[in-house]
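Enquirer: The file below is upload.txt, compact mmCIF, C-alpha atoms:
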```txt
# COMPACT_ATOMS: atom_id res chain seq x y z
CA MET A 105 102.48 59.98 152.79
CA ARG A 106 106.15 59.90 153.66
CA PRO A 107 107.40 62.96 155.59
CA SER A 108 110.03 63.68 152.95
CA LEU A 109 107.40 63.73 150.19
CA ARG A 110 105.08 65.88 152.26
CA LYS A 111 107.93 68.33 152.88
CA ALA A 112 108.73 68.48 149.17
CA LEU A 113 105.08 69.22 148.34
CA TYR A 114 104.95 72.00 150.93
CA ILE A 115 108.12 73.52 149.55
CA SER A 116 106.80 73.30 145.97
CA ALA A 117 103.48 74.84 146.97
CA GLY A 118 105.29 77.63 148.79
CA ILE A 119 107.45 78.36 145.75
CA ILE A 120 104.39 78.45 143.49
CA ILE A 121 102.60 80.83 145.87
CA ILE A 122 105.64 83.11 145.98
CA ILE A 123 105.90 83.12 142.18
CA LEU A 124 102.19 83.85 141.76
CA ALA A 125 102.34 86.62 144.35
CA ALA A 126 105.37 88.18 142.63
CA LEU A 127 103.70 87.92 139.22
CA THR A 128 100.51 89.49 140.55
CA ALA A 129 102.43 92.36 142.13
CA ALA A 130 104.44 92.86 138.95
CA SER A 131 101.25 92.87 136.89
CA PHE A 132 99.66 95.56 139.04
CA TYR A 133 102.86 97.60 138.79
CA MET A 134 103.09 97.25 135.00
CA LEU A 135 99.45 98.11 134.48
CA ARG A 136 99.79 101.22 136.61
CA PHE A 137 103.09 102.13 134.94
CA SER A 138 101.52 101.83 131.48
CA LEU A 139 98.04 103.26 131.97
CA ALA A 140 98.32 105.82 134.78
CA PRO A 141 97.65 109.39 133.57
CA ASP A 142 100.20 112.18 133.78
CA PRO A 143 99.57 113.71 137.24
CA ASN A 144 100.26 117.18 135.79
CA ARG A 145 97.96 116.80 132.81
CA ARG A 146 95.69 119.68 133.86
CA ASP A 147 98.56 122.17 134.15
CA THR A 148 97.88 123.98 130.89
CA ASP A 149 100.58 126.62 131.43
CA SER A 150 103.37 124.04 131.47
CA THR A 151 101.75 122.25 128.54
CA TYR A 152 101.84 125.41 126.45
CA ASN A 153 105.50 125.86 127.44
CA ILE A 154 106.23 122.38 126.08
CA LEU A 155 104.46 123.27 122.83
CA TYR A 156 106.43 126.50 122.47
CA SER A 157 109.74 124.80 123.25
CA ARG A 158 109.16 122.39 120.39
CA PHE A 159 107.60 124.93 118.02
CA PRO A 160 108.72 128.47 118.99
CA ASP A 161 106.80 129.98 116.08
CA MET A 162 103.54 128.71 117.54
CA LYS A 163 103.25 131.38 120.24
CA PRO A 164 102.40 134.35 117.95
CA TRP A 165 99.74 132.29 116.21
CA MET A 166 98.25 131.06 119.48
CA ASP A 167 98.26 134.62 120.85
CA SER A 168 96.46 135.88 117.75
CA ILE A 169 93.67 133.30 117.74
CA ARG A 170 93.12 133.70 121.48
CA ALA A 171 93.08 137.50 121.23
CA GLY A 172 90.53 137.29 118.45
CA GLY A 173 88.31 134.94 120.46
CA HIS A 174 88.62 132.26 117.79
CA LEU A 175 89.87 129.42 120.02
CA ARG A 176 87.09 127.90 122.05
CA ASP A 177 86.53 124.81 124.12
CA THR A 178 83.66 122.61 125.11
CA PHE A 179 82.82 119.76 127.47
CA VAL A 180 80.52 116.81 126.94
CA VAL A 181 79.46 114.19 129.47
CA SER A 182 80.19 110.58 128.58
CA PRO A 183 77.74 107.72 129.24
CA ALA A 184 79.87 106.90 132.29
CA GLY A 185 79.23 110.39 133.68
CA GLU A 186 82.74 111.72 133.01
CA ARG A 187 83.40 115.14 131.52
CA GLN A 188 85.33 115.03 128.27
CA HIS A 189 86.99 118.14 126.86
CA ALA A 190 87.90 119.46 123.40
CA TYR A 191 89.15 122.65 121.76
CA TYR A 192 87.72 123.88 118.49
CA LEU A 193 88.55 126.53 115.95
CA ALA A 194 86.46 127.60 112.96
CA CYS A 195 87.76 128.68 109.57
CA ASP A 196 85.79 131.32 107.63
CA ASP A 197 86.46 129.67 104.27
CA ALA A 198 86.34 126.02 105.33
CA CYS A 199 83.44 125.35 102.94
CA GLY A 200 82.26 122.40 105.02
CA LYS A 201 85.69 120.83 105.63
CA THR A 202 86.44 119.75 109.19
CA ALA A 203 89.35 117.89 110.80
CA VAL A 204 89.19 115.99 114.09
CA LEU A 205 92.79 115.79 115.35
CA VAL A 206 93.85 113.23 117.94
CA HIS A 207 96.91 113.55 120.21
CA GLY A 208 99.31 110.92 121.50
CA TYR A 209 100.12 108.98 124.68
CA LYS A 210 100.25 111.09 127.88
CA ASP A 211 99.96 114.22 125.75
CA SER A 212 97.04 116.58 125.25
CA ALA A 213 95.36 118.59 122.52
CA ILE A 214 97.47 121.64 123.44
CA LYS A 215 100.74 119.91 122.58
CA PHE A 216 99.36 119.18 119.10
CA PHE A 217 98.10 122.66 118.26
CA TYR A 218 100.75 122.75 115.54
CA PHE A 219 98.49 120.36 113.64
CA GLY A 220 95.56 122.62 114.41
CA ARG A 221 97.49 125.47 112.83
CA MET A 222 98.37 123.39 109.78
CA TYR A 223 94.74 122.44 109.18
CA ASN A 224 93.20 125.79 110.07
CA ARG A 225 95.70 128.26 108.61
CA ASP A 226 97.29 126.28 105.78
CA LEU A 227 94.56 123.87 104.68
CA HIS A 228 91.52 126.03 105.57
CA TYR A 229 89.71 123.51 107.75
CA ASN A 230 87.54 123.80 110.80
CA VAL A 231 89.33 121.97 113.61
CA LEU A 232 88.22 120.05 116.69
CA MET A 233 90.89 118.62 119.00
CA PRO A 234 89.73 116.43 121.90
CA ASP A 235 91.63 115.62 125.05
CA LEU A 236 91.36 111.85 125.18
CA HIS A 237 90.15 110.02 128.28
CA ALA A 238 92.48 110.74 131.25
CA HIS A 239 94.44 113.32 129.24
CA GLY A 240 94.46 117.11 129.39
CA LEU A 241 91.24 118.46 130.88
CA SER A 242 89.23 115.27 130.29
CA ASP A 243 88.22 113.11 133.23
CA GLY A 244 89.45 109.56 133.70
CA ASN A 245 91.88 107.54 135.77
CA ASP A 246 93.19 105.13 133.12
CA ILE A 247 94.72 105.57 129.68
CA GLN A 248 92.81 103.54 127.08
CA MET A 249 95.59 103.25 124.47
CA GLY A 250 93.30 104.28 121.61
CA TRP A 251 90.95 101.32 122.04
CA LYS A 252 87.96 102.54 124.03
CA ASP A 253 88.98 106.07 123.01
CA ALA A 254 87.67 105.27 119.55
CA ASP A 255 84.09 105.38 120.81
CA GLU A 256 84.72 108.77 122.41
CA VAL A 257 86.19 110.10 119.17
CA LEU A 258 83.11 108.84 117.33
CA ASN A 259 81.07 111.04 119.65
CA TRP A 260 83.41 113.99 119.04
CA ILE A 261 82.93 113.50 115.31
CA LYS A 262 79.21 114.06 115.80
CA VAL A 263 79.85 117.06 118.05
CA ALA A 264 82.15 118.57 115.41
CA GLU A 265 79.48 118.13 112.75
CA GLU A 266 76.98 119.97 114.94
CA ILE A 267 79.39 122.81 115.74
CA PHE A 268 80.59 123.40 112.18
CA ARG A 269 77.52 122.47 110.14
CA ASP A 270 77.19 124.80 107.15
CA ASP A 271 73.88 124.81 105.29
CA ASN A 272 75.70 125.90 102.14
CA TYR A 273 78.03 122.90 102.00
CA ARG A 274 77.98 119.18 102.64
CA THR A 275 80.10 118.30 105.67
CA ALA A 276 83.40 116.72 104.63
CA MET A 277 85.33 115.39 107.62
CA ILE A 278 88.65 113.68 108.20
CA VAL A 279 90.27 112.19 111.32
CA HIS A 280 94.04 112.60 111.79
CA GLY A 281 95.97 111.13 114.71
CA VAL A 282 99.58 110.82 115.84
CA SER A 283 101.09 107.87 117.78
CA MET A 284 98.39 106.67 120.22
CA GLY A 285 96.14 109.14 118.40
CA ALA A 286 96.99 107.31 115.19
CA ALA A 287 96.01 104.02 116.83
CA THR A 288 92.76 105.70 117.92
CA THR A 289 92.20 106.94 114.37
CA MET A 290 92.70 103.47 112.92
CA ASN A 291 90.34 101.96 115.49
CA VAL A 292 87.74 104.58 114.58
CA SER A 293 88.17 103.73 110.90
CA GLY A 294 86.95 100.18 111.45
CA LYS A 295 83.66 101.22 113.02
CA ASP A 296 80.29 102.19 111.57
CA LEU A 297 80.80 105.80 110.56
CA PRO A 298 78.68 108.77 109.54
CA GLU A 299 78.67 109.18 105.79
CA TYR A 300 80.38 112.56 105.99
CA VAL A 301 83.62 111.04 107.39
CA ASN A 302 85.58 110.68 104.18
CA ALA A 303 89.18 109.86 105.05
CA PHE A 304 91.82 109.19 107.70
CA VAL A 305 95.46 110.10 108.31
CA GLU A 306 97.48 107.98 110.73
CA ASP A 307 100.96 109.11 111.72
CA CYS A 308 103.26 106.54 113.42
CA GLY A 309 100.57 104.31 114.92
CA TYR A 310 101.25 100.84 116.36
CA THR A 311 99.89 97.50 115.16
CA SER A 312 98.46 96.55 118.56
CA VAL A 313 98.84 97.37 122.24
CA TRP A 314 100.25 93.87 122.75
CA ASP A 315 102.97 94.45 120.15
CA GLU A 316 103.89 97.90 121.47
CA PHE A 317 103.92 96.94 125.15
CA SER A 318 105.86 93.73 124.46
CA MET A 319 108.54 95.71 122.69
CA GLN A 320 108.71 98.34 125.45
CA LEU A 321 108.85 95.61 128.12
CA LYS A 322 111.94 94.18 126.46
CA GLU A 323 113.53 97.58 125.73
CA MET A 324 112.94 99.16 129.14
CA PHE A 325 113.09 96.19 131.50
CA GLY A 326 114.84 93.45 129.52
CA LEU A 327 111.90 91.08 130.07
CA PRO A 328 110.21 88.66 127.66
CA ALA A 329 106.50 88.82 126.92
CA PHE A 330 105.78 85.61 128.85
CA PRO A 331 104.42 85.57 131.48
CA LEU A 332 104.09 89.23 132.47
CA MET A 333 102.33 90.44 129.32
CA HIS A 334 99.73 87.69 129.67
CA SER A 335 99.03 88.38 133.34
CA THR A 336 98.96 92.17 132.90
CA SER A 337 96.64 91.91 129.90
CA LEU A 338 94.32 89.69 131.95
CA LEU A 339 94.40 92.20 134.80
CA CYS A 340 93.60 95.02 132.36
CA ASN A 341 90.60 93.06 131.13
CA MET A 342 89.39 92.51 134.68
CA LYS A 343 89.81 96.17 135.70
CA TYR A 344 88.99 98.07 132.51
CA GLY A 345 87.14 95.68 130.23
CA TRP A 346 89.70 95.33 127.41
CA ASN A 347 92.90 93.41 126.81
CA PHE A 348 96.12 94.12 124.96
CA LYS A 349 95.51 91.74 122.04
CA GLU A 350 92.00 92.90 121.17
CA ALA A 351 93.22 96.52 121.12
CA SER A 352 94.49 96.06 117.59
CA PRO A 353 94.57 98.82 114.95
CA LEU A 354 95.84 96.11 112.60
CA ILE A 355 92.45 94.40 112.79
CA SER A 356 90.57 97.69 112.70
CA VAL A 357 92.18 98.95 109.48
CA SER A 358 91.35 95.66 107.78
CA ARG A 359 87.68 96.69 108.13
CA CYS A 360 88.19 100.21 106.81
CA THR A 361 86.96 100.89 103.28
CA ARG A 362 87.52 104.66 103.27
CA PRO A 363 90.81 106.25 102.17
CA MET A 364 93.72 106.36 104.59
CA LEU A 365 97.12 108.02 104.45
CA PHE A 366 99.88 106.25 106.41
CA ILE A 367 102.83 108.36 107.63
CA HIS A 368 105.86 107.11 109.53
CA GLY A 369 109.41 108.30 110.18
CA ASP A 370 112.00 105.77 109.06
CA ALA A 371 114.13 106.49 112.17
CA ASP A 372 111.27 105.73 114.59
CA ASP A 373 112.34 103.17 117.17
CA PHE A 374 109.60 103.85 119.75
CA VAL A 375 106.77 102.73 117.52
CA PRO A 376 109.07 100.98 115.07
CA PHE A 377 108.98 101.97 111.42
CA SER A 378 108.53 98.26 110.65
CA MET A 379 104.98 98.46 112.01
CA MET A 380 103.81 100.65 109.12
CA GLN A 381 104.06 97.96 106.45
CA PRO A 382 101.73 95.38 108.05
CA LEU A 383 99.23 98.15 108.81
CA TYR A 384 99.38 99.38 105.22
CA ASP A 385 99.07 95.83 103.88
CA ALA A 386 96.04 95.11 106.08
CA LYS A 387 94.16 98.19 104.85
CA PRO A 388 92.01 97.64 101.74
CA GLU A 389 92.27 100.18 98.93
CA PRO A 390 92.15 103.16 98.67
CA LYS A 391 95.30 103.95 100.63
CA GLU A 392 98.51 105.94 100.35
CA PHE A 393 101.72 106.27 102.36
CA TRP A 394 104.55 108.69 102.94
CA VAL A 395 107.82 107.94 104.73
CA ALA A 396 109.45 110.86 106.58
CA PRO A 397 113.19 110.47 106.01
CA GLY A 398 115.32 110.54 109.15
CA SER A 399 112.39 111.28 111.48
CA ALA A 400 112.14 109.73 114.92
CA HIS A 401 108.83 109.04 116.63
CA ALA A 402 106.12 111.67 116.06
CA ASN A 403 108.64 114.10 114.53
CA ALA A 404 107.65 113.86 110.87
CA TYR A 405 105.92 117.24 110.82
CA ARG A 406 108.56 119.03 112.90
CA ASP A 407 111.34 117.73 110.61
CA HIS A 408 109.51 118.27 107.31
CA PRO A 409 106.68 120.79 107.82
CA GLU A 410 106.35 121.91 104.20
CA GLU A 411 106.52 118.43 102.71
CA TYR A 412 104.22 117.01 105.39
CA THR A 413 101.64 119.71 104.67
CA ALA A 414 101.92 119.17 100.92
CA VAL A 415 101.45 115.40 101.25
CA VAL A 416 98.39 115.80 103.48
CA ARG A 417 96.96 118.53 101.23
CA GLN A 418 97.31 116.37 98.12
CA PHE A 419 95.65 113.42 99.84
CA LEU A 420 92.75 115.47 101.18
CA ASP A 421 92.17 117.34 97.92
CA LYS A 422 91.64 113.94 96.35
CA TRP A 423 89.48 112.30 99.00
CA ASN A 424 87.80 114.91 101.21
CA ARG A 425 85.68 117.12 99.01
CA PRO A 426 82.53 118.83 100.35
```
Spit out the file's structure as structure tokens when you get a sec.
Expert:
Amino acid sequence: MRPSLRKALYISAGIIIIILAALTAASFYMLRFSLAPDPNRRDTDSTYNILYSRFPDMKPWMDSIRAGGHLRDTFVVSPAGERQHAYYLACDDACGKTAVLVHGYKDSAIKFFYFGRMYNRDLHYNVLMPDLHAHGLSDGNDIQMGWKDADEVLNWIKVAEEIFRDDNYRTAMIVHGVSMGAATTMNVSGKDLPEYVNAFVEDCGYTSVWDEFSMQLKEMFGLPAFPLMHSTSLLCNMKYGWNFKEASPLISVSRCTRPMLFIHGDADDFVPFSMMQPLYDAKPEPKEFWVAPGSAHANAYRDHPEEYTAVVRQFLDKWNRP
């Protein structure tokens, strides 16, 4: 081999090694950036302060249910040996109706107690609100983006049925999630379910982790999907056993035969409003939707609390009867 050719091959090999090393490092960074838990997730005092800053009228209600001993929590141990946490709140006149409410990305059940109030006080439901894996008081070192979380929520559904079982009424249960919790809810909807799970409400969920992360990669870093999305998804599969494309609520809802209400703010640019239509189209009947006018991401209830409650009430009165 001529020296000049050998030199060119060495240079090319060196460039390839540098590119692969940079791509590997970038993939590890992006995976950690996307799936690392909030380091302050167990600081419940600051979490309550966030809730009260968004919903100042929540504090008197929270004080009253705590003073009365109505708000309780529980832990279960997952098959992996991790402790998973949830809050629950009974309603004296629930008549068998129970809601499992699922929070969003890097949030916790506490930040979504306004939904607990809506269901418990306004709709007269028993409520169970889990902290998803690596959120709140639940163990875990990696956020699961609603994919593997769906199996944990299935377990919480069974726990809720045991806690709130009423011999006088048939259990009638719904699952309602927001943002990543909505993705979790849709992924749950495509699984084999207990017969008492009657309906689902998803609020501003994404079509797939691939779609959401690709959009955020472009918005936040100005980068195209190729090659970083492919390498990071592969790394996620190697480390955590799932990849960005398989984590698809769009596929999950196509398997769901039970009623679902789709909610999305038309000013949402974090999980774009345009994602609602393909999700709605993929879901077989029965299904309904409501668009929150002018609402940004996960703000539909805060912007329109009375209308939001009325829409959910009408849907549940139709589809979730004990």
Enquirer: Please measure the separation of CA of Leu175 (chain A) and CA of Arg425 (chain A), giving the value in Å to one decimal.
Expert: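 Computed distance, CA of Leu175 (chain A) to CA of Arg425 (chain A), equals 24.7 Å.
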Enquirer: If you take all atoms listed in the file and a cut-off of 12 Å, which residues of region 207-308 of chain A touch region 377-395 of chain A, and what are their nearest atom pairs and distances in Å to one decimal, in chain and number order, as a Markdown table?
Expert:
```
| residue | atom | partner | partner_atom | distance |
| --- | --- | --- | --- | --- |
| A:Ser283 | CA | A:Met380 | CA | 11.6 |
| A:Ala286 | CA | A:Met380 | CA | 11.3 |
| A:Ala287 | CA | A:Leu383 | CA | 10.4 |
| A:Met290 | CA | A:Leu383 | CA | 9.4 |
| A:Asn291 | CA | A:Leu383 | CA | 11.8 |
| A:Ser293 | CA | A:Lys387 | CA | 10.2 |
| A:Gly294 | CA | A:Lys387 | CA | 10.0 |
| A:Asn302 | CA | A:Pro390 | CA | 11.4 |
| A:Ala303 | CA | A:Lys391 | CA | 9.6 |
| A:Phe304 | CA | A:Lys391 | CA | 9.5 |
| A:Val305 | CA | A:Phe393 | CA | 9.4 |
| A:Glu306 | CA | A:Phe393 | CA | 9.5 |
| A:Asp307 | CA | A:Met380 | CA | 9.3 |
| A:Cys308 | CA | A:Met380 | CA | 7.3 |
```
Enquirer: Using all atoms listed in the file, determine which residues lie at most 10 Å from Arg136 (chain A), disregarding the query and same-chain residues fewer than 5 positions distant; provide the list as an MDAnalysis selection string.
Expert: chainID A and resid 130:131 141 246:247 336 340
Enquirer: Show me the residues close to (91.6, 126.2, 106.6) - anything with an atom within 12 Å, counting only C-alpha atoms - and format the list as an MDAnalysis selection string.
Expert: chainID A and resid 193:203 219:231 417
Enquirer: Create the file for the chosen residues now, containing C-alpha atoms and written as a compact mmCIF listing (two decimals), keeping the file's coordinate frame.
Expert:
```
# COMPACT_ATOMS: atom_id res chain seq x y z
CA LEU A 193 88.55 126.53 115.95
CA ALA A 194 86.46 127.60 112.96
CA CYS A 195 87.76 128.68 109.57
CA ASP A 196 85.79 131.32 107.63
CA ASP A 197 86.46 129.67 104.27
CA ALA A 198 86.34 126.02 105.33
CA CYS A 199 83.44 125.35 102.94
CA GLY A 200 82.26 122.40 105.02
CA LYS A 201 85.69 120.83 105.63
CA THR A 202 86.44 119.75 109.19
CA ALA A 203 89.35 117.89 110.80
CA PHE A 219 98.49 120.36 113.64
CA GLY A 220 95.56 122.62 114.41
CA ARG A 221 97.49 125.47 112.83
CA MET A 222 98.37 123.39 109.78
CA TYR A 223 94.74 122.44 109.18
CA ASN A 224 93.20 125.79 110.07
CA ARG A 225 95.70 128.26 108.61
CA ASP A 226 97.29 126.28 105.78
CA LEU A 227 94.56 123.87 104.68
CA HIS A 228 91.52 126.03 105.57
CA TYR A 229 89.71 123.51 107.75
CA ASN A 230 87.54 123.80 110.80
CA VAL A 231 89.33 121.97 113.61
CA ARG A 417 96.96 118.53 101.23
```
Enquirer: Identify which of the residues A:Phe268, A:Trp423, A:Trp260, A:Tyr344 lies closest to Gly244 (chain A), counting all atoms listed in the file when measuring atom-to-atom distances.
Expert: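 Going through A:Phe268, A:Trp423, A:Trp260, A:Tyr344 one by one, the smallest distance to Gly244 (chain A) is for A:Tyr344.
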Enquirer: Record the distance separating CA of Phe419 (chain A) and CA of Gly208 (chain A), expressed in Å with one decimal.
Expert: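 CA of Phe419 (chain A) sits 22.1 Å away from CA of Gly208 (chain A).
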